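**Q** Below is work-v4.tsv; it holds TSV, C-alpha atoms and all ligand atoms.
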chain	number	residue	atom	x	y	z
A	448	MET	CA	91.85	154.97	158.66
A	449	SER	CA	94.30	157.52	157.40
A	450	PHE	CA	96.90	156.40	154.89
A	451	LYS	CA	99.54	157.40	157.45
A	452	GLU	CA	98.21	154.68	159.76
A	453	VAL	CA	98.27	152.16	156.90
A	454	GLU	CA	101.92	153.06	156.36
A	455	GLN	CA	102.67	152.75	160.09
A	456	PHE	CA	101.19	149.27	160.14
A	457	LEU	CA	103.22	148.27	157.09
A	458	ASP	CA	106.38	149.60	158.73
A	459	LYS	CA	105.58	147.54	161.80
A	460	ILE	CA	105.11	144.26	159.96
A	461	ALA	CA	107.82	144.82	157.31
A	462	PRO	CA	110.47	142.85	159.28
A	463	LEU	CA	108.08	139.90	159.68
A	464	ALA	CA	107.52	139.90	155.92
A	465	ASN	CA	111.25	140.22	155.22
A	466	LEU	CA	110.57	143.29	153.13
A	467	SER	CA	113.53	145.25	151.85
A	468	SER	CA	113.21	149.02	152.09
A	469	ASP	CA	112.69	149.22	148.31
A	470	GLN	CA	109.90	146.65	148.45
A	471	LEU	CA	108.29	148.48	151.34
A	472	LYS	CA	108.52	151.77	149.48
A	473	SER	CA	106.98	150.33	146.35
A	474	LEU	CA	104.14	148.68	148.32
A	475	LYS	CA	103.21	152.01	149.88
A	476	ARG	CA	103.05	153.86	146.57
A	477	PRO	CA	99.82	153.86	144.56
A	478	ASN	CA	100.45	153.43	140.83
A	479	LYS	CA	98.15	156.22	139.72
A	480	ILE	CA	95.92	158.87	141.29
A	481	LEU	CA	93.09	160.35	139.20
A	482	GLN	CA	91.30	163.46	140.46
A	483	LYS	CA	88.72	165.80	138.99
A	484	THR	CA	86.14	168.27	140.29
A	485	LEU	CA	82.65	167.44	139.04
A	486	ASN	CA	79.98	170.09	138.76
A	487	ILE	CA	76.16	170.03	138.99
A	488	ASN	CA	74.06	173.20	139.04
A	489	GLY	CA	77.13	175.27	139.90
A	490	LYS	CA	78.02	173.07	142.90
A	491	LYS	CA	81.41	171.39	142.95
A	492	TYR	CA	82.05	167.76	143.91
A	493	PRO	CA	85.62	166.41	144.24
A	494	ALA	CA	85.99	162.99	142.59
A	495	PHE	CA	88.81	160.46	142.87
A	496	ARG	CA	90.05	157.14	141.58
A	497	VAL	CA	93.17	155.63	143.11
A	498	GLN	CA	94.70	152.74	141.17
A	499	PHE	CA	96.91	151.22	143.81
A	500	ASN	CA	98.45	148.07	142.43
A	501	ASN	CA	97.83	145.82	139.41
A	502	ALA	CA	100.61	143.25	139.73
A	503	ARG	CA	98.06	140.43	140.05
A	504	GLY	CA	95.54	141.64	137.44
A	505	PRO	CA	93.36	144.63	136.47
A	506	TYR	CA	92.58	147.17	139.18
A	507	LYS	CA	89.38	146.38	141.11
A	508	GLY	CA	87.38	148.23	143.74
A	509	GLY	CA	84.23	150.15	144.53
A	510	ILE	CA	83.20	153.79	144.25
A	511	ARG	CA	81.98	155.44	147.45
A	512	PHE	CA	79.67	158.45	147.62
A	513	HIS	CA	80.06	160.10	151.01
A	514	PRO	CA	80.16	163.68	152.37
A	515	HIS	CA	83.46	163.03	154.20
A	516	ILE	CA	85.34	160.95	151.65
A	517	SER	CA	88.81	162.34	150.94
A	518	LEU	CA	91.69	161.34	148.69
A	519	ASP	CA	93.58	160.11	151.74
A	520	GLU	CA	90.80	157.71	152.70
A	521	VAL	CA	90.38	156.50	149.10
A	522	LYS	CA	94.10	155.67	149.13
A	523	SER	CA	93.71	153.49	152.24
A	524	LEU	CA	90.66	151.79	150.76
A	525	ALA	CA	92.49	151.17	147.45
A	526	PHE	CA	95.40	149.62	149.31
A	527	TRP	CA	93.02	147.32	151.21
A	528	MET	CA	91.41	146.26	147.91
A	529	THR	CA	94.87	145.15	146.73
A	530	LEU	CA	95.14	142.95	149.82
A	531	LYS	CA	91.56	141.68	149.51
A	532	THR	CA	91.90	140.39	145.96
A	533	ALA	CA	95.15	138.63	146.92
A	534	ILE	CA	93.51	137.05	149.99
A	535	ALA	CA	90.43	135.87	148.07
A	536	ASP	CA	92.76	134.55	145.36
A	537	ILE	CA	91.08	136.35	142.50
A	538	PRO	CA	93.13	137.68	139.57
A	539	PHE	CA	92.81	141.40	140.26
A	540	GLY	CA	94.76	144.26	141.76
A	541	GLY	CA	93.27	146.99	143.92
A	542	ALA	CA	91.69	150.41	143.37
A	543	LYS	CA	89.01	152.60	144.92
A	544	GLY	CA	87.01	155.62	143.90
A	545	GLY	CA	84.85	158.22	145.50
A	546	ILE	CA	82.88	161.41	145.15
A	547	THR	CA	82.59	163.78	148.11
A	548	LEU	CA	78.84	164.30	148.30
A	549	ASP	CA	75.77	163.68	150.40
A	550	SER	CA	73.71	161.54	148.03
A	551	LYS	CA	70.62	161.96	150.26
A	552	GLN	CA	70.57	165.67	149.28
A	553	LEU	CA	70.56	165.02	145.52
A	554	SER	CA	67.64	164.25	143.20
A	555	GLN	CA	67.79	161.03	141.18
A	556	LYS	CA	68.33	163.16	138.08
A	557	ASP	CA	71.37	164.93	139.55
A	558	LEU	CA	72.72	161.68	140.95
A	559	GLN	CA	72.55	160.20	137.46
A	560	GLN	CA	74.29	163.24	135.96
A	561	LEU	CA	77.07	163.06	138.54
A	562	SER	CA	77.56	159.31	138.03
A	563	ARG	CA	77.86	159.90	134.28
A	564	GLN	CA	80.28	162.79	134.82
A	565	TYR	CA	82.47	160.51	136.93
A	566	ILE	CA	82.77	158.08	134.03
A	567	ARG	CA	83.38	160.89	131.51
A	568	ALA	CA	86.22	162.11	133.75
A	569	PHE	CA	87.99	158.77	134.13
A	570	TYR	CA	86.77	156.40	131.41
A	571	LYS	CA	90.08	156.26	129.56
A	572	ASP	CA	91.61	154.60	132.63
A	573	LEU	CA	88.71	152.19	133.17
A	574	GLY	CA	87.65	149.03	131.32
A	575	PRO	CA	87.20	145.26	131.75
A	576	THR	CA	90.93	144.59	131.42
A	577	LYS	CA	92.12	147.84	133.05
A	578	ASP	CA	90.13	148.90	136.09
A	579	ILE	CA	86.71	147.57	137.13
A	580	PRO	CA	84.66	149.63	139.61
A	581	ALA	CA	81.78	148.36	141.78
A	582	PRO	CA	79.37	149.63	144.45
A	583	ASP	CA	80.48	150.71	147.91
A	584	VAL	CA	78.94	152.89	150.64
A	585	TYR	CA	75.90	154.76	149.18
A	586	THR	CA	76.38	153.52	145.62
A	587	THR	CA	73.83	151.11	144.17
A	588	PRO	CA	73.18	148.75	141.22
A	589	GLN	CA	71.25	151.63	139.59
A	590	ILE	CA	74.34	153.85	139.78
A	591	MET	CA	76.42	151.01	138.27
A	592	ALA	CA	73.87	150.82	135.43
A	593	TRP	CA	74.20	154.55	134.65
A	594	MET	CA	77.98	154.27	134.76
A	595	LEU	CA	77.96	151.25	132.45
A	596	ASP	CA	75.69	153.06	130.00
A	597	GLU	CA	77.93	156.14	129.95
A	598	TYR	CA	81.03	154.02	129.40
A	599	GLU	CA	79.46	152.02	126.58
A	600	THR	CA	78.18	155.20	124.93
A	601	LEU	CA	81.61	156.85	125.08
A	602	THR	CA	83.51	153.80	123.85
A	603	GLN	CA	80.84	152.60	121.39
A	604	THR	CA	81.20	149.08	122.77
A	605	SER	CA	79.23	146.52	124.73
A	606	SER	CA	81.39	146.07	127.83
A	607	PRO	CA	79.36	144.59	130.71
A	608	GLY	CA	82.61	143.51	132.42
A	609	MET	CA	83.76	147.13	132.90
A	610	ILE	CA	81.84	147.41	136.17
A	611	THR	CA	80.33	144.95	138.68
A	612	GLY	CA	77.41	145.05	141.08
A	613	LYS	CA	75.11	145.75	138.13
A	614	PRO	CA	71.39	144.97	138.12
A	615	LEU	CA	70.69	141.41	136.91
A	616	GLU	CA	69.04	142.76	133.73
A	617	LEU	CA	72.34	144.33	132.65
A	618	GLY	CA	74.61	141.38	133.38
A	619	GLY	CA	74.77	141.41	137.18
A	620	SER	CA	75.33	138.19	139.09
A	621	LEU	CA	72.93	136.38	141.36
A	622	ILE	CA	74.02	136.65	145.02
A	623	ARG	CA	76.07	139.86	144.39
A	624	ASP	CA	73.58	141.90	146.45
A	625	ILE	CA	74.18	139.80	149.58
A	626	ALA	CA	77.73	138.68	148.78
A	627	THR	CA	79.59	140.71	151.41
A	628	ALA	CA	77.30	139.41	154.14
A	629	LEU	CA	77.21	135.81	152.89
A	630	GLY	CA	81.00	135.72	152.52
A	631	GLY	CA	81.23	137.02	156.10
A	632	VAL	CA	78.95	134.21	157.31
A	633	PHE	CA	81.10	131.54	155.62
A	634	ILE	CA	84.23	132.98	157.22
A	635	LEU	CA	82.58	133.31	160.62
A	636	GLU	CA	81.48	129.66	160.48
A	637	GLU	CA	85.10	128.60	159.91
A	638	ALA	CA	86.34	130.79	162.77
A	639	ILE	CA	83.71	129.46	165.16
A	640	GLU	CA	84.71	125.91	164.35
A	641	GLN	CA	88.43	126.53	164.81
A	642	LEU	CA	87.94	128.49	168.04
A	643	HIS	CA	85.31	126.08	169.43
A	644	ILE	CA	82.84	128.83	170.23
A	645	SER	CA	79.46	127.57	171.36
A	646	GLN	CA	77.70	130.81	172.31
A	647	LYS	CA	75.73	132.33	169.44
A	648	THR	CA	74.88	135.87	170.56
A	649	VAL	CA	75.54	138.58	167.98
A	650	ILE	CA	75.67	142.39	167.98
A	651	ILE	CA	75.68	144.25	164.67
A	652	GLN	CA	76.75	147.89	164.47
A	653	GLY	CA	75.36	149.44	161.25
A	654	PHE	CA	72.30	148.36	159.34
A	655	GLY	CA	72.98	149.17	155.68
A	656	ASN	CA	73.34	146.54	152.95
A	657	ALA	CA	76.01	144.51	154.75
A	658	GLY	CA	74.61	144.80	158.29
A	659	MET	CA	71.00	144.07	157.38
A	660	ASN	CA	71.87	141.09	155.18
A	661	ILE	CA	74.18	139.47	157.71
A	662	ALA	CA	71.53	139.94	160.42
A	663	HIS	CA	69.04	138.07	158.24
A	664	LEU	CA	71.48	135.32	157.25
A	665	LEU	CA	72.69	134.71	160.81
A	666	ALA	CA	69.15	134.68	162.26
A	667	GLN	CA	68.24	132.09	159.60
A	668	ARG	CA	71.16	129.94	160.80
A	669	GLY	CA	70.08	130.00	164.45
A	670	PHE	CA	72.27	132.81	165.80
A	671	LYS	CA	70.68	135.08	168.41
A	672	ILE	CA	70.93	138.75	167.38
A	673	ILE	CA	70.72	140.72	170.63
A	674	GLY	CA	71.55	144.23	169.40
A	675	VAL	CA	71.69	146.27	166.21
A	676	SER	CA	72.19	149.94	165.38
A	677	ASP	CA	72.12	152.56	162.64
A	678	SER	CA	73.00	156.25	162.53
A	679	HIS	CA	69.92	157.10	164.65
A	680	GLY	CA	70.94	154.89	167.58
A	681	ALA	CA	70.97	151.31	168.85
A	682	ILE	CA	68.57	148.74	170.28
A	683	LEU	CA	69.29	145.84	172.62
A	684	ASN	CA	67.29	142.86	173.86
A	685	ARG	CA	69.35	140.17	175.55
A	686	ASN	CA	66.65	137.58	174.76
A	687	GLY	CA	67.13	138.31	171.05
A	688	VAL	CA	65.37	140.71	168.68
A	689	ASP	CA	62.96	139.55	165.97
A	690	ILE	CA	65.25	140.40	163.07
A	691	GLU	CA	62.62	140.13	160.31
A	692	LYS	CA	60.52	142.64	162.25
A	693	VAL	CA	63.52	144.95	162.70
A	694	ILE	CA	64.21	144.84	158.95
A	695	GLU	CA	60.58	145.63	158.21
A	696	ILE	CA	60.64	148.59	160.62
A	697	LYS	CA	63.94	149.87	159.21
A	698	GLN	CA	62.50	149.74	155.69
A	699	LYS	CA	59.22	151.39	156.70
A	700	THR	CA	60.42	154.09	159.11
A	701	GLY	CA	64.07	154.57	158.16
A	702	SER	CA	65.53	153.42	161.49
A	703	VAL	CA	65.93	150.34	163.69
A	704	VAL	CA	65.28	152.46	166.80
A	705	ASN	CA	61.54	152.35	166.07
A	706	TYR	CA	61.54	148.65	167.04
A	707	LEU	CA	60.05	148.98	170.49
A	708	THR	CA	60.53	145.61	172.21
A	709	ALA	CA	64.10	146.50	173.10
A	710	GLU	CA	66.15	148.88	175.19
A	711	ARG	CA	67.47	152.05	173.46
A	712	LEU	CA	71.15	152.90	173.74
A	713	THR	CA	73.91	154.69	171.86
A	714	ASN	CA	76.13	153.13	169.19
A	715	GLU	CA	79.11	153.67	171.52
A	716	LYS	CA	77.45	151.73	174.33
A	717	LEU	CA	76.21	148.93	172.04
A	718	VAL	CA	79.69	147.79	171.00
A	719	THR	CA	80.68	147.27	174.65
A	720	ILE	CA	77.79	144.90	175.48
A	721	GLY	CA	78.86	141.31	176.15
A	722	CYS	CA	78.31	138.92	173.21
A	723	ALA	CA	80.03	136.11	171.34
A	724	ILE	CA	80.29	137.92	168.00
A	725	LEU	CA	80.51	141.65	167.39
A	726	ILE	CA	80.08	142.80	163.77
A	727	PRO	CA	80.97	146.39	162.85
A	728	ALA	CA	79.16	146.79	159.52
A	729	ALA	CA	79.11	150.54	158.83
A	730	LEU	CA	81.96	153.02	158.46
A	731	GLY	CA	85.53	153.16	159.74
A	732	ASN	CA	87.10	154.04	163.13
A	733	ILE	CA	84.33	152.66	165.35
A	734	ILE	CA	86.58	150.69	167.69
A	735	THR	CA	89.20	153.05	169.09
A	736	LYS	CA	91.70	153.13	171.95
A	737	ASP	CA	88.96	154.72	174.07
A	738	ASN	CA	86.36	151.95	173.80
A	739	ALA	CA	88.51	148.89	172.92
A	740	LYS	CA	89.17	148.06	176.58
A	741	TYR	CA	85.43	147.81	177.23
A	742	ILE	CA	84.77	145.40	174.36
A	743	ASN	CA	83.40	142.18	175.62
A	744	ALA	CA	83.15	139.89	172.57
A	745	GLN	CA	84.95	136.68	171.64
A	746	ILE	CA	85.11	137.40	167.91
A	747	ILE	CA	84.97	140.65	165.95
A	748	LEU	CA	84.00	140.17	162.31
A	749	GLU	CA	84.95	143.37	160.46
A	750	LEU	CA	82.32	143.62	157.76
A	751	ALA	CA	83.01	147.36	157.41
A	752	ASN	CA	86.28	148.62	155.98
A	753	GLY	CA	88.69	149.94	158.63
A	754	PRO	CA	86.41	149.83	161.72
A	755	THR	CA	89.29	149.27	164.17
A	756	THR	CA	92.13	151.74	164.73
A	757	LEU	CA	95.67	150.40	165.11
A	758	GLU	CA	95.84	151.24	168.81
A	759	ALA	CA	92.52	149.50	169.41
A	760	ASP	CA	93.75	146.46	167.49
A	761	GLU	CA	96.66	146.08	169.92
A	762	ILE	CA	94.37	146.37	172.95
A	763	LEU	CA	91.98	143.75	171.52
A	764	HIS	CA	94.90	141.39	170.91
A	765	GLN	CA	95.99	141.76	174.56
A	766	GLN	CA	92.40	141.07	175.63
A	767	LYS	CA	92.40	137.91	173.47
A	768	VAL	CA	89.54	139.07	171.27
A	769	PHE	CA	89.84	137.27	167.93
A	770	VAL	CA	89.56	139.95	165.22
A	771	ILE	CA	88.81	138.79	161.68
A	772	PRO	CA	90.16	141.74	159.68
A	773	ASP	CA	88.13	143.58	157.05
A	774	VAL	CA	90.35	142.52	154.15
A	775	LEU	CA	89.32	138.93	154.84
A	776	ALA	CA	85.94	139.33	156.55
A	777	ASN	CA	84.31	141.40	153.80
A	778	SER	CA	86.10	139.91	150.78
A	779	GLY	CA	82.92	138.08	149.73
A	780	GLY	CA	81.73	141.24	147.94
A	781	VAL	CA	84.66	141.51	145.59
A	782	THR	CA	84.74	137.73	145.16
A	783	VAL	CA	81.23	137.68	143.68
A	784	SER	CA	82.20	140.78	141.68
A	785	TYR	CA	84.90	138.57	140.17
A	786	PHE	CA	82.31	135.88	139.41
A	787	GLU	CA	80.15	138.55	137.77
A	788	TRP	CA	83.09	139.64	135.59
A	789	VAL	CA	83.84	136.02	134.65
A	790	GLN	CA	80.19	135.51	133.64
A	791	ASN	CA	80.24	138.75	131.62
A	792	ASN	CA	83.39	137.65	129.81
A	793	GLN	CA	81.93	134.21	129.07
A	794	GLY	CA	78.47	135.54	128.24
A	795	PHE	CA	77.22	132.59	130.27
A	796	TYR	CA	75.36	133.01	133.53
A	797	TRP	CA	75.41	130.73	136.58
A	798	ARG	CA	72.62	129.51	138.84
A	799	GLU	CA	72.32	130.92	142.35
A	800	GLU	CA	73.53	127.70	144.02
A	801	GLU	CA	76.57	127.66	141.78
A	802	VAL	CA	77.59	131.19	142.77
A	803	ALA	CA	77.00	130.45	146.48
A	804	LEU	CA	79.01	127.23	146.32
A	805	ARG	CA	81.95	128.90	144.61
A	806	LEU	CA	81.84	131.76	147.13
A	807	LYS	CA	81.86	129.31	150.04
A	808	ASP	CA	84.85	127.51	148.58
A	809	LYS	CA	86.84	130.75	148.14
A	810	MET	CA	86.02	131.99	151.65
A	811	GLN	CA	86.83	128.70	153.36
A	812	ARG	CA	90.14	128.41	151.57
A	813	ALA	CA	91.10	132.00	152.37
A	814	PHE	CA	90.29	131.63	156.06
A	815	ASN	CA	91.95	128.25	156.50
A	816	ASN	CA	95.11	129.17	154.58
A	817	ILE	CA	95.63	132.16	156.85
A	818	TRP	CA	94.61	130.22	159.95
A	819	GLU	CA	97.28	127.61	159.18
A	820	GLU	CA	99.93	130.27	158.72
A	821	SER	CA	98.93	132.12	161.88
A	822	LYS	CA	99.12	129.10	164.18
A	823	ASN	CA	101.62	129.37	167.04
A	824	LYS	CA	102.54	132.92	166.07
A	825	SER	CA	102.78	135.69	168.64
A	826	TYR	CA	101.27	138.32	166.35
A	827	ASN	CA	97.56	138.75	165.76
A	828	PHE	CA	95.33	137.44	162.98
A	829	ARG	CA	95.31	140.81	161.15
A	830	THR	CA	99.08	140.69	160.90
A	831	ALA	CA	98.93	137.09	159.64
A	832	THR	CA	96.33	138.12	157.04
A	833	TYR	CA	98.44	141.05	155.81
A	834	LEU	CA	101.56	138.86	155.61
A	835	TYR	CA	99.67	136.29	153.57
A	836	ALA	CA	98.43	138.96	151.11
A	837	LEU	CA	101.76	140.79	150.85
A	838	LYS	CA	103.57	137.56	150.03
A	839	ARG	CA	101.29	137.02	147.04
A	840	ILE	CA	101.56	140.59	145.80
A	841	ILE	CA	105.33	140.61	146.11
A	842	ALA	CA	105.60	137.28	144.30
A	843	ALA	CA	103.71	138.77	141.34
A	844	GLU	CA	105.79	141.96	141.43
A	845	LYS	CA	109.01	139.94	141.46
A	846	LEU	CA	107.96	137.80	138.52
A	847	ARG	CA	107.25	140.98	136.59
A	848	GLY	CA	110.74	142.19	137.41
A	849	LYS	CA	109.31	145.22	139.21
A	850	ILE	CA	110.79	144.56	142.64
A	851	TYR	CA	114.40	143.56	142.99
A	852	LEU	CA	115.90	141.78	145.97
B	1	LIG	N1	83.14	147.90	147.71
B	1	LIG	C1	83.34	146.51	148.01
B	1	LIG	C2	84.58	146.34	148.87
B	1	LIG	O1	85.01	147.23	149.56
B	1	LIG	C3	83.30	145.64	146.78
B	1	LIG	C4	84.36	145.93	145.75
B	1	LIG	C5	84.16	145.21	144.44
B	1	LIG	O2	83.22	144.44	144.32
B	1	LIG	O3	84.98	145.46	143.54
B	1	LIG	O4	85.13	145.27	148.96
Show this structure as structure tokens.
**A**
Amino acid sequence: MSFKEVEQFLDKIAPLANLSSDQLKSLKRPNKILQKTLNINGKKYPAFRVQFNNARGPYKGGIRFHPHISLDEVKSLAFWMTLKTAIADIPFGGAKGGITLDSKQLSQKDLQQLSRQYIRAFYKDLGPTKDIPAPDVYTTPQIMAWMLDEYETLTQTSSPGMITGKPLELGGSLIRDIATALGGVFILEEAIEQLHISQKTVIIQGFGNAGMNIAHLLAQRGFKIIGVSDSHGAILNRNGVDIEKVIEIKQKTGSVVNYLTAERLTNEKLVTIGCAILIPAALGNIITKDNAKYINAQIILELANGPTTLEADEILHQQKVFVIPDVLANSGGVTVSYFEWVQNNQGFYWREEEVALRLKDKMQRAFNNIWEESKNKSYNFRTATYLYALKRIIAAEKLRGKIYL
């Protein structure tokens, strides 16, 4: 979603949040924008870090490697991180980073060089009490490890808490690899209970880390996954697909479409198939004003960031589709990043069950707090979620004397 759209949405909900024009202005302004052009073998790669807001704690947010990532998109993503940390009630602000590149075209050696260059460009603004990056689309624990190593070499320190999503051997946390998906499951379970939904059919659009893991976790819990997709296309079997088999085929052949006991269709068609739960789990702008009216799901769980455009959101609200917005639905990732940072700071590492239990507690509280506040309101759940987050951010800003009434 463009930052313009983010601003439009904020303008729309500002009266509901009782925001003064100064407060609104300050909420729309990122604190700091870092930009640099990186260079490998004579090729140039634009790199960004947007530090949006740190009223509630150090900046926090992933780094995305993608051929179409732009500063404008990084700004939207950094703003959403600010909301996410407030919603999950973890003591961080929000930031996001990116490099415009197609990582599939680079050798491991060049990828490592570029990751190190990114840290050399911005390391003075990063650190465990300043700004803590993490993985995002097409960035991995290995990339976090290179970045950590570069940072520690430059600063001559041991600073495992400067970045999260690290491999376990370098101070990563158990569960972090599946945290976005597992957090989404905990939130979905709460929503299903509150909305009294008995049907358990699921469609998942996107089969990367988040999509694949949630497919596995939901199948384990007795949900019936009837359709999944990746960038090569989609598959559908109304009797349910064998998700372990689909995962195996995806890993072996590179695409879910090679699973043959299902019908083939396009990604566009897949999201319009009737189901109880639709999970967009890839990139943004998948549900638009053009396809929203054909969506036939009871719940949309936004595991991706920004999958629904503002116009589509309105249409879905009119159609009584319950949309669990990205800033809540996928906040499990950053929540376990927080646990990782806490463990790094303590130098004491938790068991898997302990991490899972703490994640469940955070997700349940976040969902139910917003659910309570959204009851009997005419606006949708996304608006309620934003209002909840903004209230917390503004409270911190006010206490700091940064926003005046
Ligand atoms: N990239 C993830 C997100 O968008 C995780 C961020 C983090 O762990 O800091 O929420």
**Q** Return as a ChimeraX atom specification every polymer residue, whether protein, DNA or RNA, with at least one atom no more than 8 Å from an atom of ligand LIG 1 (chain B); count all atoms listed in the file.
**A** /A:507-511,524,528,531,579-584,611-612,627,752,774,777-785
**Q** Which residues are near range 740-750 of chain A? Cut-off 8 Å, all atoms listed in the file, ignore same chain within fewer than 4 positions. Put them as a ChimeraX atom specification.
**A** /A:627-628,631,635,657-658,718-729,736,754,762-763,766-773,776-777
**Q** Generate a file of the selected residues that holds C-alpha atoms, formatted as a short mmCIF file (atom, residue, chain, number, x, y, z; two decimals), keeping the file's coordinate frame.
**A**
data_model
loop_
_atom_site.label_atom_id
_atom_site.label_comp_id
_atom_site.auth_asym_id
_atom_site.auth_seq_id
_atom_site.Cartn_x
_atom_site.Cartn_y
_atom_site.Cartn_z
CA THR A 627 79.59 140.71 151.41
CA ALA A 628 77.30 139.41 154.14
CA GLY A 631 81.23 137.02 156.10
CA LEU A 635 82.58 133.31 160.62
CA ALA A 657 76.01 144.51 154.75
CA GLY A 658 74.61 144.80 158.29
CA VAL A 718 79.69 147.79 171.00
CA THR A 719 80.68 147.27 174.65
CA ILE A 720 77.79 144.90 175.48
CA GLY A 721 78.86 141.31 176.15
CA CYS A 722 78.31 138.92 173.21
CA ALA A 723 80.03 136.11 171.34
CA ILE A 724 80.29 137.92 168.00
CA LEU A 725 80.51 141.65 167.39
CA ILE A 726 80.08 142.80 163.77
CA PRO A 727 80.97 146.39 162.85
CA ALA A 728 79.16 146.79 159.52
CA ALA A 729 79.11 150.54 158.83
CA LYS A 736 91.70 153.13 171.95
CA PRO A 754 86.41 149.83 161.72
CA ILE A 762 94.37 146.37 172.95
CA LEU A 763 91.98 143.75 171.52
CA GLN A 766 92.40 141.07 175.63
CA LYS A 767 92.40 137.91 173.47
CA VAL A 768 89.54 139.07 171.27
CA PHE A 769 89.84 137.27 167.93
CA VAL A 770 89.56 139.95 165.22
CA ILE A 771 88.81 138.79 161.68
CA PRO A 772 90.16 141.74 159.68
CA ASP A 773 88.13 143.58 157.05
CA ALA A 776 85.94 139.33 156.55
CA ASN A 777 84.31 141.40 153.80
#
**Q** In Å, rounded to a single decimal, give me how far CA of Tyr598 in chain A is from CA of Thr547 in chain A.
**A**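 Rounded to one decimal, the two atoms are 21.2 Å apart.
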**Q** Can you tell me, as a PDB file with C-alpha atoms, in the coordinates of the input, what residues are no more than 8 Å from range 801-810 of chain A when counting all atoms listed in the file, ignoring any on the same chain fewer than 2 positions away?
**A**
ATOM      1  CA  ALA A 535      90.430 135.870 148.070  1.00  0.00           C
ATOM      2  CA  ASP A 536      92.760 134.550 145.360  1.00  0.00           C
ATOM      3  CA  LEU A 621      72.930 136.380 141.360  1.00  0.00           C
ATOM      4  CA  ILE A 622      74.020 136.650 145.020  1.00  0.00           C
ATOM      5  CA  GLY A 630      81.000 135.720 152.520  1.00  0.00           C
ATOM      6  CA  PHE A 633      81.100 131.540 155.620  1.00  0.00           C
ATOM      7  CA  ILE A 634      84.230 132.980 157.220  1.00  0.00           C
ATOM      8  CA  SER A 778      86.100 139.910 150.780  1.00  0.00           C
ATOM      9  CA  GLY A 779      82.920 138.080 149.730  1.00  0.00           C
ATOM     10  CA  THR A 782      84.740 137.730 145.160  1.00  0.00           C
ATOM     11  CA  VAL A 783      81.230 137.680 143.680  1.00  0.00           C
ATOM     12  CA  PHE A 786      82.310 135.880 139.410  1.00  0.00           C
ATOM     13  CA  TRP A 797      75.410 130.730 136.580  1.00  0.00           C
ATOM     14  CA  ARG A 798      72.620 129.510 138.840  1.00  0.00           C
ATOM     15  CA  GLU A 799      72.320 130.920 142.350  1.00  0.00           C
ATOM     16  CA  ARG A 812      90.140 128.410 151.570  1.00  0.00           C
ATOM     17  CA  ALA A 813      91.100 132.000 152.370  1.00  0.00           C
ATOM     18  CA  PHE A 814      90.290 131.630 156.060  1.00  0.00           C
TER      19      PHE A 814
END
**Q** Using only C-alpha atoms, can you list as number ranges by chain the residues within 12 Å of (89.8, 157.1, 139.8)?
**A** A: 477-484, 493-499, 506-511, 518, 521-522, 525, 541-546, 565-574, 577-580
**Q** Please provide as a PyMOL selection string all residues within 10 Å of Phe828 in chain A, with the sequence filter that same-chain residues fewer than 4 positions apart are discarded (counting all atoms listed in the file).
**A** chain A and resi 764+769-772+817-818+820-822+824+832-834
**Q** Please determine, counting all atoms listed in the file, which residue among A:Glu844, A:Glu520, A:Glu454, A:Glu637 has the shortest atom-to-atom distance to Asn732 in chain A.
**A**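 Under the stated criterion, the closest residue is A:Glu520.
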**Q** By how many Å are CA of Leu642 in chain A and CA of Ile661 in chain A apart?
**A** 20.4 Å
